[in-house]
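> This is structure_0.cif, which holds mmCIF, C-alpha atoms and all ligand atoms:
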data_model
loop_
_atom_site.group_PDB
_atom_site.id
_atom_site.type_symbol
_atom_site.label_atom_id
_atom_site.label_comp_id
_atom_site.auth_asym_id
_atom_site.auth_seq_id
_atom_site.Cartn_x
_atom_site.Cartn_y
_atom_site.Cartn_z
ATOM 1 C CA MET A 100 -23.911 -77.027 -7.993
ATOM 2 C CA LYS A 101 -22.268 -78.478 -11.072
ATOM 3 C CA LEU A 102 -18.930 -78.022 -12.803
ATOM 4 C CA ALA A 103 -18.154 -76.693 -16.276
ATOM 5 C CA VAL A 104 -15.174 -75.277 -18.136
ATOM 6 C CA VAL A 105 -15.094 -72.383 -20.617
ATOM 7 C CA VAL A 106 -14.008 -73.591 -24.058
ATOM 8 C CA ALA A 107 -13.202 -71.280 -26.999
ATOM 9 C CA PRO A 108 -12.042 -71.779 -30.589
ATOM 10 C CA PRO A 109 -8.282 -72.461 -30.951
ATOM 11 C CA THR A 110 -7.815 -68.998 -32.524
ATOM 12 C CA ALA A 111 -9.414 -67.109 -29.609
ATOM 13 C CA GLY A 112 -7.544 -64.013 -28.457
ATOM 14 C CA PHE A 113 -8.368 -64.505 -24.775
ATOM 15 C CA GLU A 114 -6.062 -66.539 -22.612
ATOM 16 C CA ALA A 115 -8.246 -67.593 -19.670
ATOM 17 C CA VAL A 116 -10.039 -70.339 -21.608
ATOM 18 C CA VAL A 117 -9.434 -73.784 -23.039
ATOM 19 C CA ARG A 118 -8.566 -73.199 -26.691
ATOM 20 C CA ARG A 119 -9.001 -76.560 -28.369
ATOM 21 C CA PRO A 120 -11.128 -78.015 -31.166
ATOM 22 C CA LEU A 121 -14.562 -78.650 -29.674
ATOM 23 C CA ARG A 122 -14.649 -82.438 -29.918
ATOM 24 C CA GLU A 123 -11.237 -82.783 -28.296
ATOM 25 C CA ALA A 124 -12.266 -80.436 -25.451
ATOM 26 C CA LEU A 125 -15.609 -82.152 -24.840
ATOM 27 C CA SER A 126 -14.013 -85.557 -24.785
ATOM 28 C CA LEU A 127 -11.525 -84.393 -22.104
ATOM 29 C CA LEU A 128 -14.300 -82.797 -20.035
ATOM 30 C CA GLN A 129 -16.175 -86.076 -20.061
ATOM 31 C CA GLU A 130 -13.024 -88.007 -19.168
ATOM 32 C CA TYR A 131 -12.411 -85.750 -16.123
ATOM 33 C CA GLY A 132 -16.030 -85.949 -14.966
ATOM 34 C CA TYR A 133 -17.378 -82.465 -15.760
ATOM 35 C CA ASP A 134 -21.121 -81.795 -16.049
ATOM 36 C CA GLY A 135 -21.112 -79.051 -18.637
ATOM 37 C CA VAL A 136 -19.256 -76.792 -21.031
ATOM 38 C CA GLU A 137 -19.526 -73.030 -21.421
ATOM 39 C CA LEU A 138 -18.822 -72.000 -24.996
ATOM 40 C CA SER A 139 -17.071 -68.780 -25.865
ATOM 41 C CA LEU A 140 -17.976 -67.968 -29.461
ATOM 42 C CA LEU A 141 -17.361 -65.426 -32.175
ATOM 43 C CA ASP A 142 -20.344 -65.776 -34.559
ATOM 44 C CA PRO A 143 -23.172 -67.890 -33.115
ATOM 45 C CA LYS A 144 -24.880 -68.032 -36.552
ATOM 46 C CA VAL A 145 -22.202 -70.307 -37.987
ATOM 47 C CA ILE A 146 -22.693 -72.974 -35.319
ATOM 48 C CA ASP A 147 -24.124 -76.210 -36.687
ATOM 49 C CA ARG A 148 -26.824 -76.771 -34.069
ATOM 50 C CA GLY A 149 -27.493 -80.407 -34.948
ATOM 51 C CA GLU A 150 -23.800 -81.231 -34.684
ATOM 52 C CA LEU A 151 -23.465 -79.341 -31.385
ATOM 53 C CA ARG A 152 -26.518 -81.115 -29.949
ATOM 54 C CA SER A 153 -25.205 -84.525 -30.908
ATOM 55 C CA MET A 154 -21.707 -83.817 -29.557
ATOM 56 C CA LEU A 155 -23.115 -82.614 -26.210
ATOM 57 C CA SER A 156 -25.209 -85.743 -25.954
ATOM 58 C CA GLU A 157 -22.343 -88.021 -27.029
ATOM 59 C CA TYR A 158 -20.141 -86.621 -24.229
ATOM 60 C CA GLY A 159 -22.972 -86.264 -21.683
ATOM 61 C CA LEU A 160 -22.485 -82.519 -21.187
ATOM 62 C CA GLU A 161 -24.883 -79.614 -20.652
ATOM 63 C CA LEU A 162 -24.416 -76.106 -22.058
ATOM 64 C CA PRO A 163 -25.131 -73.681 -19.198
ATOM 65 C CA ALA A 164 -23.859 -70.500 -20.862
ATOM 66 C CA LEU A 165 -22.523 -68.858 -24.007
ATOM 67 C CA SER A 166 -19.875 -66.189 -23.593
ATOM 68 C CA THR A 167 -19.583 -63.273 -25.950
ATOM 69 C CA GLY A 168 -16.383 -61.415 -24.988
ATOM 70 C CA LEU A 169 -14.451 -62.549 -28.091
ATOM 71 C CA ASN A 170 -16.725 -60.259 -30.116
ATOM 72 C CA TYR A 171 -15.272 -57.311 -28.221
ATOM 73 C CA LEU A 172 -11.684 -58.540 -28.407
ATOM 74 C CA HIS A 173 -11.711 -59.610 -32.082
ATOM 75 C CA PHE A 174 -14.275 -57.289 -33.706
ATOM 76 C CA GLY A 175 -14.542 -54.340 -31.298
ATOM 77 C CA LEU A 176 -18.242 -54.982 -30.736
ATOM 78 C CA SER A 177 -19.311 -52.946 -27.714
ATOM 79 C CA LEU A 178 -22.640 -51.890 -26.239
ATOM 80 C CA THR A 179 -21.095 -48.539 -25.283
ATOM 81 C CA SER A 180 -19.212 -47.693 -28.471
ATOM 82 C CA PRO A 181 -19.519 -43.980 -29.353
ATOM 83 C CA ASP A 182 -20.510 -45.197 -32.855
ATOM 84 C CA PRO A 183 -24.255 -45.977 -33.050
ATOM 85 C CA ALA A 184 -23.647 -48.433 -35.932
ATOM 86 C CA VAL A 185 -21.297 -50.490 -33.731
ATOM 87 C CA ARG A 186 -23.809 -50.417 -30.879
ATOM 88 C CA LYS A 187 -26.533 -51.678 -33.213
ATOM 89 C CA ARG A 188 -24.314 -54.498 -34.497
ATOM 90 C CA THR A 189 -23.565 -55.428 -30.884
ATOM 91 C CA VAL A 190 -27.258 -55.547 -29.919
ATOM 92 C CA ASP A 191 -27.952 -57.679 -33.033
ATOM 93 C CA ARG A 192 -25.065 -59.995 -32.156
ATOM 94 C CA LEU A 193 -26.365 -60.470 -28.602
ATOM 95 C CA LEU A 194 -29.793 -61.334 -30.006
ATOM 96 C CA GLU A 195 -28.161 -63.923 -32.292
ATOM 97 C CA PHE A 196 -26.481 -65.371 -29.203
ATOM 98 C CA ALA A 197 -29.858 -65.430 -27.449
ATOM 99 C CA ASP A 198 -31.387 -67.337 -30.354
ATOM 100 C CA LEU A 199 -28.755 -70.073 -30.078
ATOM 101 C CA ALA A 200 -28.839 -70.022 -26.268
ATOM 102 C CA TYR A 201 -32.606 -70.531 -26.178
ATOM 103 C CA GLU A 202 -32.375 -73.749 -28.143
ATOM 104 C CA PHE A 203 -29.880 -75.205 -25.639
ATOM 105 C CA GLY A 204 -31.288 -73.756 -22.416
ATOM 106 C CA ALA A 205 -28.122 -71.657 -22.009
ATOM 107 C CA ALA A 206 -27.706 -68.136 -20.621
ATOM 108 C CA VAL A 207 -25.821 -65.340 -22.427
ATOM 109 C CA VAL A 208 -22.847 -63.638 -20.742
ATOM 110 C CA ILE A 209 -22.469 -59.861 -20.920
ATOM 111 C CA GLY A 210 -18.875 -59.341 -19.856
ATOM 112 C CA LEU A 211 -16.318 -57.554 -22.018
ATOM 113 C CA ILE A 212 -18.933 -56.866 -24.725
ATOM 114 C CA ARG A 213 -20.352 -53.994 -22.658
ATOM 115 C CA GLY A 214 -17.152 -52.100 -23.578
ATOM 116 C CA ARG A 215 -15.448 -49.242 -21.739
ATOM 117 C CA SER A 216 -16.392 -45.605 -21.589
ATOM 118 C CA GLY A 217 -13.590 -44.586 -24.048
ATOM 119 C CA GLY A 218 -15.092 -41.899 -26.305
ATOM 120 C CA LEU A 219 -17.989 -41.057 -23.961
ATOM 121 C CA SER A 220 -18.157 -39.828 -20.390
ATOM 122 C CA ARG A 221 -18.599 -42.641 -17.889
ATOM 123 C CA ARG A 222 -22.017 -41.290 -17.014
ATOM 124 C CA SER A 223 -23.257 -41.264 -20.644
ATOM 125 C CA ALA A 224 -21.743 -44.698 -21.276
ATOM 126 C CA LEU A 225 -23.580 -46.121 -18.255
ATOM 127 C CA LYS A 226 -26.838 -44.514 -19.343
ATOM 128 C CA LEU A 227 -26.459 -46.029 -22.816
ATOM 129 C CA LEU A 228 -25.566 -49.394 -21.344
ATOM 130 C CA ILE A 229 -28.682 -49.434 -19.189
ATOM 131 C CA GLU A 230 -30.903 -48.603 -22.184
ATOM 132 C CA GLU A 231 -29.282 -51.254 -24.346
ATOM 133 C CA LEU A 232 -29.370 -53.954 -21.705
ATOM 134 C CA ARG A 233 -33.078 -53.240 -21.313
ATOM 135 C CA GLU A 234 -33.627 -53.452 -25.077
ATOM 136 C CA VAL A 235 -31.694 -56.735 -25.446
ATOM 137 C CA CYS A 236 -33.364 -58.334 -22.415
ATOM 138 C CA LYS A 237 -36.840 -57.292 -23.552
ATOM 139 C CA ARG A 238 -36.335 -58.437 -27.150
ATOM 140 C CA ALA A 239 -35.164 -61.853 -25.930
ATOM 141 C CA SER A 240 -37.232 -62.092 -22.761
ATOM 142 C CA HIS A 241 -37.216 -65.906 -22.942
ATOM 143 C CA VAL A 242 -33.434 -66.000 -22.384
ATOM 144 C CA LYS A 243 -31.406 -65.354 -19.244
ATOM 145 C CA PHE A 244 -28.657 -62.720 -19.589
ATOM 146 C CA LEU A 245 -25.740 -62.481 -17.184
ATOM 147 C CA LEU A 246 -24.101 -59.164 -16.312
ATOM 148 C CA GLU A 247 -20.555 -59.806 -15.111
ATOM 149 C CA PRO A 248 -18.654 -57.268 -12.976
ATOM 150 C CA LEU A 249 -15.080 -57.132 -14.352
ATOM 151 C CA ASN A 250 -11.976 -55.791 -12.650
ATOM 152 C CA ARG A 251 -10.821 -52.192 -13.220
ATOM 153 C CA TYR A 252 -7.990 -53.186 -15.582
ATOM 154 C CA GLU A 253 -10.502 -54.560 -18.122
ATOM 155 C CA THR A 254 -13.264 -51.950 -17.995
ATOM 156 C CA ASP A 255 -14.351 -48.835 -16.124
ATOM 157 C CA LEU A 256 -18.025 -49.814 -16.431
ATOM 158 C CA ILE A 257 -19.273 -52.013 -13.579
ATOM 159 C CA ASN A 258 -16.371 -53.415 -11.575
ATOM 160 C CA SER A 259 -18.142 -54.577 -8.439
ATOM 161 C CA VAL A 260 -21.174 -56.554 -7.363
ATOM 162 C CA GLU A 261 -22.595 -53.405 -5.766
ATOM 163 C CA GLU A 262 -22.401 -51.476 -9.071
ATOM 164 C CA ALA A 263 -23.882 -54.405 -10.990
ATOM 165 C CA LEU A 264 -26.805 -54.633 -8.560
ATOM 166 C CA GLU A 265 -27.517 -50.928 -9.078
ATOM 167 C CA VAL A 266 -27.517 -51.439 -12.850
ATOM 168 C CA LEU A 267 -29.808 -54.471 -12.528
ATOM 169 C CA GLU A 268 -32.216 -52.349 -10.558
ATOM 170 C CA MET A 269 -32.160 -49.591 -13.176
ATOM 171 C CA VAL A 270 -32.585 -51.974 -16.117
ATOM 172 C CA ALA A 271 -35.567 -53.449 -14.248
ATOM 173 C CA VAL A 272 -36.211 -56.643 -16.219
ATOM 174 C CA GLU A 273 -36.772 -60.177 -14.938
ATOM 175 C CA ASN A 274 -34.240 -61.970 -17.147
ATOM 176 C CA LEU A 275 -31.035 -60.099 -16.241
ATOM 177 C CA TYR A 276 -28.900 -61.788 -13.589
ATOM 178 C CA LEU A 277 -25.440 -61.381 -12.158
ATOM 179 C CA LEU A 278 -22.421 -63.475 -13.143
ATOM 180 C CA VAL A 279 -19.852 -63.437 -10.372
ATOM 181 C CA ASP A 280 -16.274 -64.352 -11.314
ATOM 182 C CA THR A 281 -13.961 -65.167 -8.398
ATOM 183 C CA PHE A 282 -10.921 -63.772 -10.266
ATOM 184 C CA HIS A 283 -12.497 -60.317 -10.654
ATOM 185 C CA MET A 284 -14.033 -60.489 -7.170
ATOM 186 C CA ASN A 285 -10.624 -61.136 -5.638
ATOM 187 C CA ILE A 286 -9.480 -57.781 -7.084
ATOM 188 C CA GLU A 287 -12.592 -55.682 -6.520
ATOM 189 C CA GLU A 288 -14.643 -57.003 -3.595
ATOM 190 C CA PRO A 289 -13.587 -56.232 -0.011
ATOM 191 C CA ARG A 290 -14.874 -59.679 1.007
ATOM 192 C CA ILE A 291 -15.943 -62.158 -1.655
ATOM 193 C CA GLU A 292 -18.323 -64.061 0.631
ATOM 194 C CA GLU A 293 -20.087 -60.863 1.781
ATOM 195 C CA SER A 294 -20.602 -59.777 -1.830
ATOM 196 C CA ILE A 295 -22.043 -63.183 -2.716
ATOM 197 C CA LYS A 296 -24.477 -62.848 0.175
ATOM 198 C CA ARG A 297 -25.352 -59.310 -0.902
ATOM 199 C CA ALA A 298 -26.075 -60.504 -4.478
ATOM 200 C CA GLY A 299 -28.076 -63.468 -3.162
ATOM 201 C CA GLY A 300 -30.779 -64.751 -5.500
ATOM 202 C CA ARG A 301 -29.684 -62.454 -8.345
ATOM 203 C CA ILE A 302 -26.652 -64.689 -9.033
ATOM 204 C CA GLY A 303 -27.345 -66.543 -12.282
ATOM 205 C CA HIS A 304 -23.923 -68.033 -13.044
ATOM 206 C CA VAL A 305 -20.436 -68.262 -11.530
ATOM 207 C CA HIS A 306 -16.980 -68.180 -13.124
ATOM 208 C CA VAL A 307 -14.277 -69.768 -11.016
ATOM 209 C CA ALA A 308 -10.551 -69.109 -11.204
ATOM 210 C CA ASP A 309 -8.017 -68.827 -8.434
ATOM 211 C CA SER A 310 -6.470 -65.497 -7.307
ATOM 212 C CA ASN A 311 -3.919 -65.649 -10.164
ATOM 213 C CA ARG A 312 -6.462 -66.857 -12.760
ATOM 214 C CA LEU A 313 -4.974 -70.331 -12.673
ATOM 215 C CA ALA A 314 -7.116 -73.383 -11.886
ATOM 216 C CA PRO A 315 -8.876 -73.408 -8.484
ATOM 217 C CA GLY A 316 -6.357 -74.810 -6.003
ATOM 218 C CA MET A 317 -3.367 -73.172 -7.721
ATOM 219 C CA GLY A 318 -3.684 -69.785 -5.984
ATOM 220 C CA HIS A 319 -4.747 -68.522 -2.571
ATOM 221 C CA LEU A 320 -8.551 -68.231 -2.742
ATOM 222 C CA ASP A 321 -10.562 -70.080 -0.132
ATOM 223 C CA PHE A 322 -13.042 -71.997 -2.300
ATOM 224 C CA LYS A 323 -14.507 -73.775 0.694
ATOM 225 C CA SER A 324 -15.817 -70.507 2.026
ATOM 226 C CA VAL A 325 -16.841 -69.243 -1.461
ATOM 227 C CA VAL A 326 -18.888 -72.393 -2.105
ATOM 228 C CA SER A 327 -20.440 -72.250 1.331
ATOM 229 C CA ALA A 328 -21.536 -68.611 0.732
ATOM 230 C CA LEU A 329 -23.049 -69.668 -2.602
ATOM 231 C CA ARG A 330 -24.851 -72.516 -0.894
ATOM 232 C CA GLU A 331 -26.093 -70.151 1.800
ATOM 233 C CA VAL A 332 -27.815 -67.941 -0.814
ATOM 234 C CA GLY A 333 -29.375 -71.010 -2.440
ATOM 235 C CA TYR A 334 -27.245 -70.916 -5.610
ATOM 236 C CA ASP A 335 -27.648 -74.201 -7.439
ATOM 237 C CA GLY A 336 -26.196 -73.480 -10.887
ATOM 238 C CA TYR A 337 -22.809 -73.988 -12.499
ATOM 239 C CA LEU A 338 -19.289 -73.158 -11.404
ATOM 240 C CA SER A 339 -17.614 -72.611 -14.735
ATOM 241 C CA ALA A 340 -13.810 -72.609 -14.738
ATOM 242 C CA GLU A 341 -12.521 -69.664 -16.771
ATOM 243 C CA VAL A 342 -8.810 -70.129 -16.258
ATOM 244 C CA MET A 343 -5.447 -69.951 -17.963
ATOM 245 C CA VAL A 344 -4.266 -73.303 -19.211
ATOM 246 C CA LYS A 345 -1.018 -73.546 -17.230
ATOM 247 C CA PRO A 346 1.030 -75.680 -16.955
ATOM 248 C CA ASP A 347 -1.143 -77.859 -19.230
ATOM 249 C CA LEU A 348 -4.774 -78.756 -19.816
ATOM 250 C CA LYS A 349 -4.822 -82.072 -17.979
ATOM 251 C CA THR A 350 -3.347 -80.477 -14.853
ATOM 252 C CA VAL A 351 -5.970 -77.712 -15.049
ATOM 253 C CA LEU A 352 -8.890 -80.136 -15.404
ATOM 254 C CA GLU A 353 -7.543 -82.329 -12.640
ATOM 255 C CA ALA A 354 -6.807 -79.473 -10.188
ATOM 256 C CA THR A 355 -10.181 -77.781 -10.724
ATOM 257 C CA LYS A 356 -12.004 -81.036 -10.161
ATOM 258 C CA ARG A 357 -9.887 -82.014 -7.134
ATOM 259 C CA THR A 358 -10.399 -78.617 -5.485
ATOM 260 C CA LEU A 359 -14.106 -78.133 -6.166
ATOM 261 C CA ALA A 360 -15.772 -81.550 -6.415
ATOM 262 C CA PRO A 361 -15.393 -82.404 -2.679
ATOM 263 C CA LEU A 362 -16.979 -79.049 -1.781
ATOM 264 C CA LEU A 363 -20.002 -79.712 -3.968
ATOM 265 C CA ALA A 364 -20.680 -83.233 -2.714
HETATM 266 C C1 LIG B 1 -13.148 -61.392 -18.824
HETATM 267 O O1 LIG B 1 -12.105 -61.170 -17.954
HETATM 268 C C2 LIG B 1 -14.118 -62.361 -18.269
HETATM 269 O O2 LIG B 1 -14.092 -62.719 -17.099
HETATM 270 C C3 LIG B 1 -15.139 -62.856 -19.188
HETATM 271 O O3 LIG B 1 -15.985 -63.747 -18.547
HETATM 272 C C4 LIG B 1 -15.869 -61.661 -19.773
HETATM 273 O O4 LIG B 1 -16.470 -61.836 -20.988
HETATM 274 MN MN MN B 2 -15.414 -64.257 -16.304
#
Take the structure in the file and write it out as structure tokens.

Amino acid sequence: MKLAVVVAPPTAGFEAVVRRPLREALSLLQEYGYDGVELSLLDPKVIDRGELRSMLSEYGLELPALSTGLNYLHFGLSLTSPDPAVRKRTVDRLLEFADLAYEFGAAVVIGLIRGRSGGLSRRSALKLLIEELREVCKRASHVKFLLEPLNRYETDLINSVEEALEVLEMVAVENLYLLVDTFHMNIEEPRIEESIKRAGGRIGHVHVADSNRLAPGMGHLDFKSVVSALREVGYDGYLSAEVMVKPDLKTVLEATKRTLAPLLA
């Protein structure tokens, strides 16, 4: 397993990420010994791919995943919007993410961008979501997508690993995996380790944050047992820290590394 941190543009309206200019963030990740960076983006089409490639190589970092949630928070893009035009724009946006992801060997996160049932019944919203996930995954079958269960205060659509596994089964494609986030799991799963074991080989990516969404080591989660459950199911991907930058970025990078690196050795 390797370590990454989620980095977003300085203007991002989501607080559990590092909001810094990219070069500054990458340079710090290299300094603290991280292996990769997960990028949270608004419009993937405006990314200068040559510049991104050369920055990643300059700082010796991989790009395991692209996260998409800012498109929900800033633009209201949602796969389950009652407005078909919004749903179409959301599918198109996810395909644009997939295009960028493919070039860098990254996966695409489907977290907040699935939306909430709002104007539709939960049942119709879930039905729509399953159809759209299938369409997106089939149209970009060369890219891995990651469905992330989120806690009940952020969405009413897919809160637990069990619900996500049911949706995966109904979507029935090869390139849709689960993203498990320890912050959401701490709220929704009866036992985090059991849920990891239940998800097993369907886990495609992991977000790490402590119980309070601060850096691992700054709350009360038992990362030793979380990492050992991940190891038990053969997970060998990234642990990507999606955390609030408190009290400051250097403390966050240091604490995450100090808590997790010895467990990965
Ligand atoms: C939101 O809470 C979250 O965990 C993100 O990864 C979802 O896009
Ligand atoms: Mn997350």
> In Å, how far is it from atom CA of Pro120 of chain A to atom CA of Glu157 of chain A?
15.6 Å
> Neighbouring residues of Val325 of chain A were defined as those with any atom within 10 Å, considering only C-alpha atoms; residues of the same chain fewer than 4 positions away were excluded. Please report them as a list in words.
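Listed by chain and then number, they are Thr281, Ile291, Glu292, Glu293, Ile295, Val307, Leu320, Asp321, Leu329, Arg330, Glu331 and Leu362 of chain A.
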> Within 9 Å of ligand MN 2 (chain B), which residues of chain A show up? Give each one with its shortest atom-to-atom distance in Å (one decimal) and the two atoms involved, counting all atoms listed in the file, rows by chain then rising residue number, as CSV.

residue,atom,partner,partner_atom,distance
A:Ala115,CA,B:MN2,MN,8.6
A:Ser166,CA,B:MN2,MN,8.8
A:Val208,CA,B:MN2,MN,8.7
A:Gly210,CA,B:MN2,MN,7.0
A:Leu211,CA,B:MN2,MN,8.9
A:Glu247,CA,B:MN2,MN,6.9
A:Pro248,CA,B:MN2,MN,8.4
A:Leu249,CA,B:MN2,MN,7.4
A:Leu278,CA,B:MN2,MN,7.7
A:Val279,CA,B:MN2,MN,7.5
A:Asp280,CA,B:MN2,MN,5.1
A:Thr281,CA,B:MN2,MN,8.1
A:Phe282,CA,B:MN2,MN,7.5
A:His283,CA,B:MN2,MN,7.5
A:Val305,CA,B:MN2,MN,8.0
A:His306,CA,B:MN2,MN,5.3
A:Val307,CA,B:MN2,MN,7.7
A:Ala308,CA,B:MN2,MN,8.6
A:Ser339,CA,B:MN2,MN,8.8
A:Ala340,CA,B:MN2,MN,8.6
A:Glu341,CA,B:MN2,MN,6.2
A:Val342,CA,B:MN2,MN,8.8
> Could you turn the residues from that selection into a file that holds C-alpha atoms, as a CSV table (one decimal), keeping the file's coordinate frame?

chain,number,residue,atom,x,y,z
A,115,ALA,CA,-8.2,-67.6,-19.7
A,166,SER,CA,-19.9,-66.2,-23.6
A,208,VAL,CA,-22.8,-63.6,-20.7
A,210,GLY,CA,-18.9,-59.3,-19.9
A,211,LEU,CA,-16.3,-57.6,-22.0
A,247,GLU,CA,-20.6,-59.8,-15.1
A,248,PRO,CA,-18.7,-57.3,-13.0
A,249,LEU,CA,-15.1,-57.1,-14.4
A,278,LEU,CA,-22.4,-63.5,-13.1
A,279,VAL,CA,-19.9,-63.4,-10.4
A,280,ASP,CA,-16.3,-64.4,-11.3
A,281,THR,CA,-14.0,-65.2,-8.4
A,282,PHE,CA,-10.9,-63.8,-10.3
A,283,HIS,CA,-12.5,-60.3,-10.7
A,305,VAL,CA,-20.4,-68.3,-11.5
A,306,HIS,CA,-17.0,-68.2,-13.1
A,307,VAL,CA,-14.3,-69.8,-11.0
A,308,ALA,CA,-10.6,-69.1,-11.2
A,339,SER,CA,-17.6,-72.6,-14.7
A,340,ALA,CA,-13.8,-72.6,-14.7
A,341,GLU,CA,-12.5,-69.7,-16.8
A,342,VAL,CA,-8.8,-70.1,-16.3
> As lines of an AutoDock Vina configuration file, please: the centre and edge lengths in Å, to one decimal, of an axis-aligned box enclosing every listed atom of ligand LIG 1 (chain B) with 3 Å added on each side.

center_x = -14.3
center_y = -62.5
center_z = -19.0
size_x = 10.4
size_y = 8.6
size_z = 9.9
> Name every residue that the PyMOL selection byres (((chain A and resi 108) around 7) and not hetatm) selects in this structure, writing the answer as a list of chain:residue names with chains first and numbers rising.
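Output of the PyMOL selection byres (((chain A and resi 108) around 7) and not hetatm): A:Ala107, A:Pro109, A:Thr110, A:Ala111, A:Arg118, A:Arg119, A:Pro120.
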> Might you pull out every residue within 9 Å of segment 134-140 of chain A, with only C-alpha atoms counted and same-chain residues fewer than 2 positions away left off, and present them as a PyMOL selection string?
chain A and resi 101-108+111+116+125+128-129+132+142-143+155+159-170+196+205+337+339-340
> Keeping C-alpha atoms, export the residues of the selection given above as a compact mmCIF listing (two decimals), in the frame of the given file.

# COMPACT_ATOMS: atom_id res chain seq x y z
CA LYS A 101 -22.27 -78.48 -11.07
CA LEU A 102 -18.93 -78.02 -12.80
CA ALA A 103 -18.15 -76.69 -16.28
CA VAL A 104 -15.17 -75.28 -18.14
CA VAL A 105 -15.09 -72.38 -20.62
CA VAL A 106 -14.01 -73.59 -24.06
CA ALA A 107 -13.20 -71.28 -27.00
CA PRO A 108 -12.04 -71.78 -30.59
CA ALA A 111 -9.41 -67.11 -29.61
CA VAL A 116 -10.04 -70.34 -21.61
CA LEU A 125 -15.61 -82.15 -24.84
CA LEU A 128 -14.30 -82.80 -20.04
CA GLN A 129 -16.18 -86.08 -20.06
CA GLY A 132 -16.03 -85.95 -14.97
CA ASP A 142 -20.34 -65.78 -34.56
CA PRO A 143 -23.17 -67.89 -33.12
CA LEU A 155 -23.12 -82.61 -26.21
CA GLY A 159 -22.97 -86.26 -21.68
CA LEU A 160 -22.48 -82.52 -21.19
CA GLU A 161 -24.88 -79.61 -20.65
CA LEU A 162 -24.42 -76.11 -22.06
CA PRO A 163 -25.13 -73.68 -19.20
CA ALA A 164 -23.86 -70.50 -20.86
CA LEU A 165 -22.52 -68.86 -24.01
CA SER A 166 -19.88 -66.19 -23.59
CA THR A 167 -19.58 -63.27 -25.95
CA GLY A 168 -16.38 -61.42 -24.99
CA LEU A 169 -14.45 -62.55 -28.09
CA ASN A 170 -16.73 -60.26 -30.12
CA PHE A 196 -26.48 -65.37 -29.20
CA ALA A 205 -28.12 -71.66 -22.01
CA TYR A 337 -22.81 -73.99 -12.50
CA SER A 339 -17.61 -72.61 -14.74
CA ALA A 340 -13.81 -72.61 -14.74
> Looking at A:Glu234, A:Asp309, A:Glu261, A:Glu195, which one is nearest to Arg297 of chain A, with distances taken over all atoms listed in the file?
A:Glu261
> Point out the residue among A:Arg186, A:Arg152, A:His319, A:Ala239 with the least atom-to-atom distance to Leu227 of chain A, counting all atoms listed in the file.
A:Arg186
> One number please: atom CA of Glu130 of chain A to atom CA of Thr350 of chain A, in Å, one decimal.
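Interatomic distance here is 13.0 Å.
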> Considering all atoms listed in the file, state which residue in the set A:Glu265, A:Glu353, A:Glu273, A:Asp198 is at the smallest distance from Met317 of chain A.
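Under the stated criterion, the closest residue is A:Glu353.
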> Compare A:Met269, A:Leu245, A:Ala328, A:Cys236 by their minimum atom-to-atom distance to ligand LIG 1 (chain B), counting only C-alpha atoms and all ligand atoms, and give me the closest one.
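Closest to ligand LIG 1 (chain B) of all the choices is A:Leu245.
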> Of the candidates A:Arg221, A:Arg251, A:His241, A:Arg357, which shows the shortest atom-to-atom distance to ligand LIG 1 (chain B), using all atoms listed in the file?
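Under the stated criterion, the closest residue is A:Arg251.
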> Taking only C-alpha atoms and all ligand atoms into account, name the residue in A:His304, A:Lys144, A:Lys226, A:Lys237 that is nearest to ligand LIG 1 (chain B).
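Closest residue, counting only C-alpha atoms and all ligand atoms: A:His304.
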> To one decimal place, how far is atom CA of Ile286 of chain A from atom CA of Leu348 of chain A in Å?
25.0 Å
> Would you mind completing segment 116-122 of chain A so that it carries N, CA, C and O atoms, and writing it out as a tab-separated table (two decimals), keeping the file's coordinate frame?

chain	number	residue	atom	x	y	z
A	116	VAL	N	-9.07	-69.33	-21.14
A	116	VAL	CA	-10.04	-70.34	-21.61
A	116	VAL	C	-9.28	-71.53	-22.20
A	116	VAL	O	-8.10	-71.42	-22.51
A	117	VAL	N	-10.01	-72.62	-22.37
A	117	VAL	CA	-9.43	-73.78	-23.04
A	117	VAL	C	-9.61	-73.58	-24.54
A	117	VAL	O	-10.72	-73.51	-25.04
A	118	ARG	N	-8.49	-73.43	-25.24
A	118	ARG	CA	-8.57	-73.20	-26.69
A	118	ARG	C	-8.20	-74.49	-27.41
A	118	ARG	O	-7.02	-74.78	-27.61
A	119	ARG	N	-9.21	-75.27	-27.71
A	119	ARG	CA	-9.00	-76.56	-28.37
A	119	ARG	C	-10.15	-76.79	-29.32
A	119	ARG	O	-11.25	-76.26	-29.12
A	120	PRO	N	-9.98	-77.63	-30.34
A	120	PRO	CA	-11.13	-78.02	-31.17
A	120	PRO	C	-12.21	-78.61	-30.26
A	120	PRO	O	-11.90	-79.31	-29.28
A	121	LEU	N	-13.47	-78.32	-30.59
A	121	LEU	CA	-14.56	-78.65	-29.67
A	121	LEU	C	-14.62	-80.13	-29.27
A	121	LEU	O	-14.74	-80.45	-28.09
A	122	ARG	N	-14.51	-81.01	-30.26
A	122	ARG	CA	-14.65	-82.44	-29.92
A	122	ARG	C	-13.56	-82.89	-28.94
A	122	ARG	O	-13.83	-83.61	-27.98
